[in-house]
$ cat protein.tsv   # TSV, C-alpha atoms
chain	number	residue	atom	x	y	z
F	9	MET	CA	-2.50	14.34	0.72
F	10	ALA	CA	-0.62	15.61	-2.24
F	11	VAL	CA	1.82	12.82	-2.69
F	12	ASP	CA	3.04	11.97	-6.03
F	13	ASP	CA	6.71	12.12	-6.41
F	14	ARG	CA	6.78	8.38	-6.38
F	15	ARG	CA	9.62	6.62	-7.90
F	16	PRO	CA	8.77	3.32	-9.45
F	17	ALA	CA	9.45	0.50	-7.08
F	18	THR	CA	11.55	-2.38	-8.11
F	19	VAL	CA	9.41	-4.54	-10.28
F	20	ARG	CA	9.41	-8.12	-9.25
F	21	THR	CA	9.43	-10.46	-12.12
F	22	GLY	CA	8.05	-13.92	-12.23
F	23	ARG	CA	11.49	-15.25	-11.54
F	24	ALA	CA	11.54	-13.82	-8.06
F	25	ASP	CA	8.31	-15.53	-7.18
F	26	GLN	CA	9.51	-19.02	-6.58
F	27	PRO	CA	7.36	-21.68	-5.02
F	28	ASP	CA	9.47	-21.67	-1.86
F	29	ARG	CA	8.56	-18.06	-1.20
F	30	GLY	CA	5.67	-19.25	0.92
F	31	GLU	CA	7.92	-21.36	3.11
F	32	ARG	CA	10.33	-18.50	3.54
F	33	ILE	CA	7.53	-16.17	4.58
F	34	ALA	CA	6.15	-18.78	6.97
F	35	SER	CA	9.51	-19.06	8.70
F	36	LEU	CA	9.81	-15.27	8.85
F	37	VAL	CA	6.39	-15.19	10.52
F	38	GLY	CA	7.66	-17.63	13.12
F	39	GLU	CA	10.70	-15.49	13.83
F	40	ALA	CA	8.64	-12.32	13.94
F	41	ARG	CA	6.30	-13.89	16.46
F	42	GLN	CA	9.28	-14.50	18.65
F	43	GLY	CA	10.18	-10.87	18.48
F	44	SER	CA	12.60	-10.65	15.58
F	45	GLU	CA	12.40	-7.11	14.31
F	46	GLU	CA	14.48	-8.05	11.29
F	47	ALA	CA	12.10	-10.85	10.28
F	48	LEU	CA	9.12	-8.53	10.64
F	49	GLY	CA	10.92	-5.97	8.52
F	50	GLN	CA	11.56	-8.52	5.81
F	51	ILE	CA	7.89	-9.47	5.79
F	52	VAL	CA	7.02	-5.80	5.38
F	53	THR	CA	9.39	-5.49	2.45
F	54	GLU	CA	7.98	-8.68	0.86
F	55	LEU	CA	4.31	-7.91	1.16
F	56	THR	CA	3.91	-4.14	1.10
F	57	PRO	CA	3.74	-4.13	-2.74
F	58	MET	CA	0.77	-6.50	-2.45
F	59	LEU	CA	-1.00	-4.29	0.08
F	60	TRP	CA	-0.41	-1.24	-2.07
F	61	GLN	CA	-2.20	-2.93	-4.95
F	62	VAL	CA	-5.06	-4.03	-2.70
F	63	ALA	CA	-5.60	-0.45	-1.55
F	64	ARG	CA	-5.27	1.02	-5.02
F	65	ALA	CA	-7.54	-1.63	-6.52
F	66	ALA	CA	-10.18	-0.49	-4.04
F	67	GLY	CA	-9.98	2.93	-5.64
F	68	LEU	CA	-7.99	4.88	-3.07
F	69	SER	CA	-5.78	7.84	-3.91
F	70	ALA	CA	-2.05	7.33	-3.45
F	71	GLY	CA	-2.04	9.18	-0.13
F	72	ASP	CA	-4.97	7.23	1.28
F	73	ALA	CA	-3.47	3.98	0.03
F	74	GLU	CA	-0.30	4.71	1.99
F	75	ASP	CA	-2.26	5.39	5.14
F	76	VAL	CA	-4.21	2.18	4.75
F	77	VAL	CA	-1.10	0.11	4.15
F	78	GLN	CA	0.57	1.57	7.24
F	79	THR	CA	-2.52	1.02	9.35
F	80	VAL	CA	-2.73	-2.63	8.32
F	81	TRP	CA	0.88	-3.29	9.31
F	82	MET	CA	0.42	-1.62	12.67
F	83	ARG	CA	-2.63	-3.76	13.27
F	84	LEU	CA	-0.87	-6.95	12.29
F	85	ILE	CA	1.35	-6.67	15.36
F	86	ALA	CA	-1.60	-7.44	17.61
F	87	HIS	CA	-2.54	-10.47	15.52
F	88	LEU	CA	0.83	-12.07	14.93
F	89	ASP	CA	0.21	-14.70	17.57
F	90	ASP	CA	-2.74	-16.11	15.66
F	91	ILE	CA	-0.93	-16.36	12.36
F	92	HIS	CA	1.21	-19.35	11.56
F	93	THR	CA	1.35	-19.88	7.82
F	94	SER	CA	2.16	-17.74	4.83
F	95	ALA	CA	-1.38	-18.21	3.51
F	96	ALA	CA	-2.89	-17.14	6.83
F	97	LEU	CA	-0.68	-14.06	6.83
F	98	THR	CA	-1.35	-12.97	3.26
F	99	GLY	CA	-5.06	-13.76	3.68
F	100	TRP	CA	-5.29	-11.69	6.84
F	101	LEU	CA	-3.36	-8.81	5.28
F	102	VAL	CA	-5.43	-8.73	2.10
F	103	ILE	CA	-8.77	-8.94	3.89
F	104	THR	CA	-7.81	-6.34	6.48
F	105	ALA	CA	-6.46	-3.96	3.86
F	106	ARG	CA	-9.55	-4.33	1.74
F	107	ARG	CA	-11.85	-3.69	4.68
F	108	GLU	CA	-9.80	-0.70	5.79
F	109	ALA	CA	-9.81	0.66	2.23
F	110	TRP	CA	-13.58	0.40	2.10
F	111	ARG	CA	-13.83	2.17	5.43
F	112	VAL	CA	-11.73	5.03	4.08
F	113	CYS	CA	-13.80	5.16	0.89
F	114	ALA	CA	-17.01	5.18	2.89
F	115	ALA	CA	-15.67	8.01	5.04
F	116	GLY	CA	-15.97	10.01	1.86
F	117	ARG	CA	-12.41	10.85	1.28
F	118	LYS	CA	-10.88	11.30	-2.09
F	119	GLN	CA	-11.60	8.38	-4.30
F	120	LEU	CA	-10.50	7.61	-7.79
F	121	PRO	CA	-12.14	5.03	-9.96
F	122	ALA	CA	-9.85	2.07	-10.23
F	123	ASP	CA	-9.51	2.48	-13.95
F	124	THR	CA	-8.30	6.07	-13.91
F	125	GLU	CA	-4.85	5.04	-14.81
F	126	SER	CA	-4.65	4.41	-18.48
F	127	PHE	CA	-1.94	2.09	-19.51
F	128	ASP	CA	-1.95	3.67	-22.94
F	129	ALA	CA	-0.84	6.91	-21.34
F	130	LEU	CA	2.33	5.39	-20.00
F	131	PRO	CA	5.45	6.66	-21.71
F	132	THR	CA	7.01	3.95	-23.74
F	133	ARG	CA	10.61	3.42	-23.03
F	134	GLY	CA	13.38	4.76	-25.23
F	135	PRO	CA	13.51	3.89	-28.89
F	136	GLY	CA	15.72	1.16	-30.17
F	137	ALA	CA	14.75	-1.49	-27.70
F	138	GLU	CA	12.68	-3.60	-29.99
F	139	GLU	CA	12.09	-6.16	-27.32
F	140	GLN	CA	10.71	-3.44	-25.05
F	141	VAL	CA	8.25	-2.41	-27.72
F	142	ILE	CA	6.96	-5.94	-27.87
F	143	ILE	CA	6.66	-6.09	-24.08
F	144	ASP	CA	4.83	-2.75	-23.99
F	145	ASP	CA	2.51	-4.09	-26.65
F	146	GLN	CA	1.80	-7.24	-24.71
F	147	ARG	CA	1.07	-5.20	-21.62
F	148	ARG	CA	-1.37	-2.98	-23.46
F	149	THR	CA	-3.17	-5.98	-24.87
F	150	LEU	CA	-3.41	-7.46	-21.41
F	151	TRP	CA	-4.51	-4.12	-19.96
F	152	ARG	CA	-7.28	-3.76	-22.51
F	153	ALA	CA	-8.49	-7.29	-21.88
F	154	ILE	CA	-8.49	-6.79	-18.12
F	155	SER	CA	-10.35	-3.53	-18.37
F	156	GLN	CA	-13.19	-5.39	-20.11
F	157	LEU	CA	-13.61	-7.75	-17.16
F	158	PRO	CA	-16.24	-7.15	-14.48
F	159	GLY	CA	-14.91	-4.94	-11.67
F	160	ARG	CA	-14.74	-7.78	-9.19
F	161	CYS	CA	-12.56	-9.81	-11.52
F	162	GLN	CA	-10.28	-6.85	-12.17
F	163	GLU	CA	-9.80	-6.38	-8.47
F	164	LEU	CA	-9.34	-10.06	-7.77
F	165	LEU	CA	-6.74	-10.63	-10.46
F	166	ARG	CA	-4.85	-7.50	-9.49
F	167	ILE	CA	-4.69	-8.61	-5.87
F	168	ILE	CA	-3.93	-12.27	-6.51
F	169	ALA	CA	-1.12	-11.43	-8.91
F	170	PHE	CA	0.77	-9.88	-6.01
F	171	VAL	CA	0.10	-12.68	-3.54
F	172	PRO	CA	2.93	-15.18	-3.11
F	173	ARG	CA	2.20	-17.94	-5.57
F	174	PRO	CA	1.61	-20.79	-3.11
F	175	ASP	CA	-1.09	-18.68	-1.44
F	176	TYR	CA	-3.07	-17.87	-4.59
F	177	ALA	CA	-5.84	-20.36	-3.99
F	178	ALA	CA	-6.21	-19.73	-0.27
F	179	VAL	CA	-6.43	-15.98	-0.68
F	180	ALA	CA	-8.79	-16.22	-3.64
F	181	ALA	CA	-11.04	-18.48	-1.59
F	182	GLU	CA	-10.89	-16.02	1.28
F	183	LEU	CA	-11.99	-13.30	-1.10
F	184	GLY	CA	-14.86	-15.55	-2.09
F	185	MET	CA	-13.79	-15.75	-5.70
F	186	PRO	CA	-12.23	-18.83	-7.24
F	187	ILE	CA	-9.78	-17.75	-9.89
F	188	GLY	CA	-8.68	-20.74	-11.87
F	189	SER	CA	-9.56	-21.45	-15.44
F	190	VAL	CA	-9.32	-25.16	-14.80
F	191	GLY	CA	-12.11	-27.00	-13.05
F	192	PRO	CA	-15.83	-27.29	-13.27
F	193	THR	CA	-16.88	-23.73	-12.49
F	194	ARG	CA	-17.43	-21.62	-15.56
F	195	GLY	CA	-16.98	-17.90	-15.58
F	196	ARG	CA	-13.98	-17.69	-13.35
F	197	CYS	CA	-11.91	-14.58	-13.73
F	198	LEU	CA	-8.90	-16.11	-15.44
F	199	ALA	CA	-11.15	-18.10	-17.76
F	200	LYS	CA	-12.90	-14.90	-18.76
F	201	LEU	CA	-9.61	-13.15	-19.27
F	202	ARG	CA	-8.33	-15.94	-21.47
F	203	THR	CA	-11.45	-15.84	-23.57
F	204	LEU	CA	-11.09	-12.11	-24.01
F	205	LEU	CA	-7.43	-12.38	-24.91
F	206	ALA	CA	-8.11	-15.15	-27.36
F	207	SER	CA	-10.74	-13.10	-29.11
F	208	THR	CA	-8.56	-9.97	-29.15
F	209	LEU	CA	-5.50	-11.67	-30.41
F	210	GLU	CA	-6.90	-13.80	-33.16
F	211	GLY	CA	-3.94	-15.94	-33.93
F	212	ASP	CA	-1.36	-13.68	-32.36
F	213	ASP	CA	0.44	-15.85	-29.85
F	214	VAL	CA	1.44	-13.13	-27.41
F	215	VAL	CA	-0.08	-14.94	-24.51
F	216	GLY	CA	0.99	-18.47	-23.63
Y	28	MET	CA	4.53	-13.64	-21.49
Y	29	SER	CA	5.63	-16.88	-22.98
Y	30	SER	CA	5.56	-19.92	-20.75
Y	31	ASP	CA	9.27	-20.22	-20.46
Y	32	GLU	CA	9.56	-22.34	-17.40
Y	33	GLY	CA	9.92	-26.06	-17.54
Y	34	GLY	CA	7.28	-26.71	-14.94
Y	35	ARG	CA	7.00	-25.53	-11.39
Y	36	PRO	CA	6.93	-28.64	-9.32
Y	37	SER	CA	5.32	-27.49	-6.12
Y	38	ALA	CA	3.14	-24.63	-7.30
Y	39	ASP	CA	0.28	-26.82	-8.36
Y	40	GLU	CA	0.56	-29.16	-5.44
Y	41	ALA	CA	-0.15	-26.26	-3.12
Y	42	LEU	CA	-3.50	-25.69	-4.77
Y	43	SER	CA	-6.56	-27.64	-3.89
Y	44	ALA	CA	-8.04	-29.81	-6.59
Y	45	ASP	CA	-10.80	-27.47	-7.69
Y	46	GLU	CA	-8.48	-24.50	-7.78
Y	47	LEU	CA	-5.90	-25.73	-10.23
Y	48	LEU	CA	-4.15	-23.13	-12.26
Y	49	ASP	CA	-2.34	-24.16	-15.37
Y	50	GLU	CA	0.87	-22.67	-16.74
Y	51	THR	CA	-1.02	-20.16	-18.87
Y	52	ASP	CA	-2.89	-18.92	-15.80
Y	53	LEU	CA	0.35	-18.60	-13.88
Y	54	SER	CA	2.09	-16.70	-16.62
Y	55	LEU	CA	-0.95	-14.46	-17.02
Y	56	LEU	CA	-0.75	-13.64	-13.33
Y	57	ASP	CA	2.97	-12.92	-13.75
Y	58	GLY	CA	2.04	-10.58	-16.59
Y	59	ILE	CA	-0.62	-8.87	-14.52
Y	60	ARG	CA	1.82	-8.35	-11.66
Y	61	GLU	CA	4.41	-6.85	-13.98
Y	62	MET	CA	1.80	-4.66	-15.61
Y	63	PHE	CA	0.51	-3.13	-12.38
Y	64	GLY	CA	4.05	-2.93	-11.06
Y	65	VAL	CA	4.78	-0.59	-13.95
Y	66	ALA	CA	1.41	1.16	-14.21
Y	67	ASP	CA	0.94	1.83	-10.52
Y	68	PRO	CA	4.08	1.16	-8.51
Y	69	MET	CA	4.04	1.74	-4.80
Y	70	PRO	CA	6.31	4.55	-3.62
Y	71	ALA	CA	9.73	2.93	-3.51
Y	72	ASP	CA	10.43	4.02	0.06
Y	73	LEU	CA	7.11	2.86	1.49
Y	74	PRO	CA	8.35	-0.40	3.04
Y	75	GLU	CA	11.27	1.47	4.60
Y	76	ARG	CA	8.98	4.04	6.19
Y	77	ILE	CA	6.71	1.33	7.53
Y	78	ARG	CA	9.66	-0.54	9.00
Y	79	PHE	CA	10.71	2.67	10.67
Y	80	ARG	CA	7.31	3.12	12.18
Y	81	LEU	CA	7.07	-0.45	13.34
Y	82	ALA	CA	10.45	-0.11	14.99
Y	83	LEU	CA	9.11	2.81	17.03
Y	84	ARG	CA	6.23	0.90	18.46
Y	85	ASP	CA	8.00	-0.54	21.46
Y	86	LEU	CA	9.35	2.78	22.60
Y	87	GLU	CA	6.35	3.87	24.59
Y	88	ILE	CA	5.16	5.70	21.57
Y	89	GLU	CA	1.65	6.06	20.35
Y	90	VAL	CA	1.15	6.46	16.67
Y	91	ALA	CA	-1.59	8.90	15.90
Y	92	ARG	CA	-3.85	8.17	13.03
Y	93	LEU	CA	-4.97	10.59	10.40
Y	94	THR	CA	-8.69	10.99	10.84
Y	95	GLU	CA	-9.60	14.02	8.84
Y	96	GLU	CA	-8.13	16.21	6.17
Y	97	GLU	CA	-9.66	19.27	4.62
Y	98	GLN	CA	-8.48	21.74	2.08
Y	99	GLU	CA	-9.88	25.16	1.56
Y	100	LEU	CA	-8.97	28.09	-0.57
Y	101	ALA	CA	-7.34	30.55	1.74
Y	102	GLY	CA	-8.11	34.21	1.60
Y	103	ILE	CA	-7.84	36.62	-1.21
Y	104	ARG	CA	-4.92	35.13	-2.99
Y	105	GLY	CA	-7.20	32.27	-3.78
Y	106	ALA	CA	-4.70	29.94	-5.27
Y	107	GLU	CA	-3.10	29.08	-1.97
Y	108	LEU	CA	-4.53	26.06	-0.27
Y	109	SER	CA	-4.83	25.82	3.44
Y	110	ARG	CA	-4.94	22.29	4.79
Y	111	THR	CA	-6.33	21.20	8.09
Y	112	ILE	CA	-5.38	17.77	9.31
Y	113	THR	CA	-6.55	15.93	12.39
Y	114	PHE	CA	-4.73	13.04	14.02
Y	115	ASP	CA	-6.09	10.86	16.78
Y	116	SER	CA	-4.28	8.67	19.24
Y	117	ASP	CA	-5.47	7.06	22.45
Y	118	SER	CA	-4.38	9.95	24.60
Y	119	LEU	CA	-4.35	12.96	22.30
Y	120	THR	CA	-5.97	14.62	19.36
Y	121	ILE	CA	-3.63	16.74	17.30
Y	122	MET	CA	-5.03	19.18	14.82
Y	123	ILE	CA	-2.82	21.18	12.51
Y	124	ARG	CA	-3.35	23.80	9.90
Y	125	ILE	CA	-0.81	24.23	7.15
Y	126	ASP	CA	-0.52	27.50	5.25
Y	127	ALA	CA	1.99	28.47	2.61
Y	128	ASN	CA	4.45	31.25	3.40
Y	129	ARG	CA	5.55	33.61	0.69
Y	130	ASP	CA	9.13	32.39	0.92
Y	131	GLY	CA	8.22	28.85	-0.10
Y	132	THR	CA	8.14	27.44	3.41
Y	133	VAL	CA	4.95	26.61	5.25
Y	134	ARG	CA	3.47	27.74	8.53
Y	135	VAL	CA	2.03	25.08	10.79
Y	136	ASP	CA	-0.43	26.03	13.52
Y	137	GLY	CA	-1.53	23.33	15.86
Y	138	TRP	CA	-3.78	22.49	18.77
Y	139	LEU	CA	-3.64	19.64	21.20
Y	140	ALA	CA	-6.75	18.24	22.81
Y	141	PRO	CA	-7.11	17.90	25.69
Y	142	PRO	CA	-5.20	21.21	26.01
Y	143	GLN	CA	-1.84	20.84	27.63
Y	144	ARG	CA	1.72	22.02	27.65
Y	145	ARG	CA	3.93	19.59	25.77
Y	146	GLU	CA	7.19	19.67	23.96
Y	147	ILE	CA	6.60	19.27	20.24
Y	148	GLU	CA	9.10	18.31	17.65
Y	149	MET	CA	8.72	18.61	13.90
Y	150	LYS	CA	11.06	16.30	12.05
Y	151	THR	CA	11.67	17.50	8.54
Y	152	SER	CA	13.91	16.35	5.76
Y	153	ALA	CA	16.29	19.15	6.71
Y	154	GLU	CA	16.26	19.51	10.46
Y	155	ALA	CA	14.17	18.86	13.54
Y	156	LEU	CA	12.35	21.89	14.92
Y	157	SER	CA	11.35	21.98	18.54
Y	158	ILE	CA	8.81	24.12	20.40
Y	159	SER	CA	6.32	23.88	23.25
Y	160	SER	CA	2.58	24.17	23.26
Y	161	ASP	CA	0.98	26.64	25.67
Y	162	ASP	CA	-1.54	25.85	28.39
Y	163	GLN	CA	-4.30	25.95	25.82
Y	164	GLY	CA	-2.50	23.33	23.80
Y	165	ARG	CA	-1.62	25.76	21.02
Y	166	PHE	CA	1.63	25.68	19.13
Y	167	ALA	CA	3.02	27.16	15.94
Y	168	PHE	CA	5.94	26.53	13.66
Y	169	ALA	CA	6.35	29.74	11.70
Y	170	ARG	CA	8.55	28.39	8.94
Y	171	VAL	CA	8.86	24.74	8.03
Y	172	PRO	CA	10.60	23.59	4.86
Y	173	ARG	CA	8.39	21.79	2.40
Y	174	GLY	CA	8.76	18.08	1.99
Y	175	THR	CA	8.22	15.17	4.30
Y	176	ALA	CA	7.62	15.98	7.94
Y	177	GLN	CA	6.53	14.18	11.04
Y	178	LEU	CA	5.27	15.56	14.33
Y	179	MET	CA	6.26	14.10	17.64
Y	180	VAL	CA	4.58	15.22	20.85
Y	181	ARG	CA	6.80	14.38	23.79
Y	182	PRO	CA	5.55	13.55	27.23
Y	183	ALA	CA	5.10	16.63	29.42
Y	184	GLU	CA	7.39	15.27	32.08
Y	185	PRO	CA	8.86	11.86	32.42
Y	186	GLY	CA	6.84	10.68	35.36
Y	187	PRO	CA	5.24	7.59	36.79
Y	188	ASP	CA	3.22	5.37	34.59
Y	189	GLY	CA	0.48	7.23	32.82
Y	190	ALA	CA	2.25	10.57	32.85
Y	191	GLY	CA	2.02	10.52	29.09
Y	192	ARG	CA	3.69	8.81	26.22
Y	193	SER	CA	5.20	10.29	23.12
Y	194	VAL	CA	2.78	10.52	20.25
Y	195	VAL	CA	3.98	10.54	16.65
Y	196	THR	CA	2.00	11.27	13.53
Y	197	PRO	CA	2.43	9.47	10.24
Y	198	ALA	CA	4.75	11.21	7.81
Y	199	LEU	CA	3.15	14.22	6.20
Y	200	ILE	CA	3.86	15.82	2.88
Y	201	LEU	CA	3.97	19.56	3.39

$ encode --input "protein.tsv" --output "structure tokens"
Amino acid sequence: MAVDDRRPATVRTGRADQPDRGERIASLVGEARQGSEEALGQIVTELTPMLWQVARAAGLSAGDAEDVVQTVWMRLIAHLDDIHTSAALTGWLVITARREAWRVCAAGRKQLPADTESFDALPTRGPGAEEQVIIDDQRRTLWRAISQLPGRCQELLRIIAFVPRPDYAAVAAELGMPIGSVGPTRGRCLAKLRTLLASTLEGDDVVG
Amino acid sequence: MSSDEGGRPSADEALSADELLDETDLSLLDGIREMFGVADPMPADLPERIRFRLALRDLEIEVARLTEEEQELAGIRGAELSRTITFDSDSLTIMIRIDANRDGTVRVDGWLAPPQRREIEMKTSAEALSISSDDQGRFAFARVPRGTAQLMVRPAEPGPDGAGRSVVTPALIL
């Protein structure tokens, strides 16, 4: 499908992702289970950006990603009764979207490698905004570091970053990939990313 | 991506002991989210369209699913693409072929399987077009404006249970 007149969606910043987001989603799930169309709609608005990233991280074209996201939401309706917590919901959504995305890929439809999009190719915003230049720079550094990670880590971090914060660990576990840099297991995705950033930056304190 | 927050009290508590993320991890994830939000944003109206579709689900409507899409170079003019799209629902298969008209609109030819006479509506960004399929299940919209469109196949006749439900396709970009 030739879709690409997409307007950028509102970018959520870290500020919007408060710890109580999980509780809010959990209570929306409860209301949706009891038939509240409005609650269901709010859940869709909250978590569609996450599903989009899951589908795109699996390598789908924009058109296929849309189809997958829509399919997942339609399917959720039949499963709402089994889902009680925010983590259960986001876990179910992520896993179902990923499986559906693979199915579409396997069906041989258009597929783009996940790294087609080059961050370097993004237009930088207007001149004058010095702060913006610094932000663009930080993003490029991060982008380059991420693109050096193994594919599984790239996908995991991209997905987890869009999961409501309180559900990070549960969803990462569900994906079979612990993410944290803290703890006994070496070679976790964030640990690798931090090592890469540290070696790229050499004294530059852009991160942390 | 500086750690500018004075601690997030409950974030860490929600994580099990072997999954602890520290502030640097959290701010990295914030940075990753912002980065992909800029690099590959979802279409801004996607949640709205999904909400619309979900709202339809109780109305005795089946949502057909896109199962196949093919493009081929059509005829001598070469540059024009002809698209064939197949949608499946529980009760119906809808196949459509989309060809460009010279005036910038598109022509949509369709077939219903199993073949049947149904009223068919094409919702477009401009107006809704309405026609009927013939006994062989064929239908054609000669001129449809480009843009977003959605097909709705109405029940043949409102009858007792099982007489047929409306079937809608996902939104299409013509």

$ residues_near_point --input "protein.tsv" --point "(-9.8, 15.5, 23.3)" --cutoff "12 Å" --atoms "all atoms listed in the file" --output "NGL selection string"
:Y and (113-122 or 138-143 or 164)

$ atom_distance --input "protein.tsv" --atom1 "atom CA of Val133 of chain Y" --atom2 "atom CA of Glu154 of chain Y"
14.3 Å

$ atom_distance --input "protein.tsv" --atom1 "atom CA of Asp126 of chain Y" --atom2 "atom CA of Thr111 of chain Y"
9.0 Å

$ atom_distance --input "protein.tsv" --atom1 "atom CA of Ala63 of chain F" --atom2 "atom CA of Glu95 of chain Y"
18.3 Å

$ closest_residue --input "protein.tsv" --among "F:Ala95, F:Leu183, F:Val76, F:Ile85" --to "Arg111 of chain F" --atoms "all atoms listed in the file"
F:Val76

$ closest_residue --input "protein.tsv" --among "Y:Leu55, Y:Leu48, Y:Ile123, Y:Met69" --to "Ala73 of chain F" --atoms "all atoms listed in the file"
Y:Met69

$ residues_around --input "protein.tsv" --residues "segment 89-93 of chain F" --least-positions-apart "3" --cutoff "9 Å" --atoms "all atoms listed in the file" --output "list in words"
Gly30, Glu31, Ile33, Ala34, Ser35, Val37, Gly38, Arg41, Ile85, Ala86, Ala96, Leu97, Thr98 and Trp100 of chain F
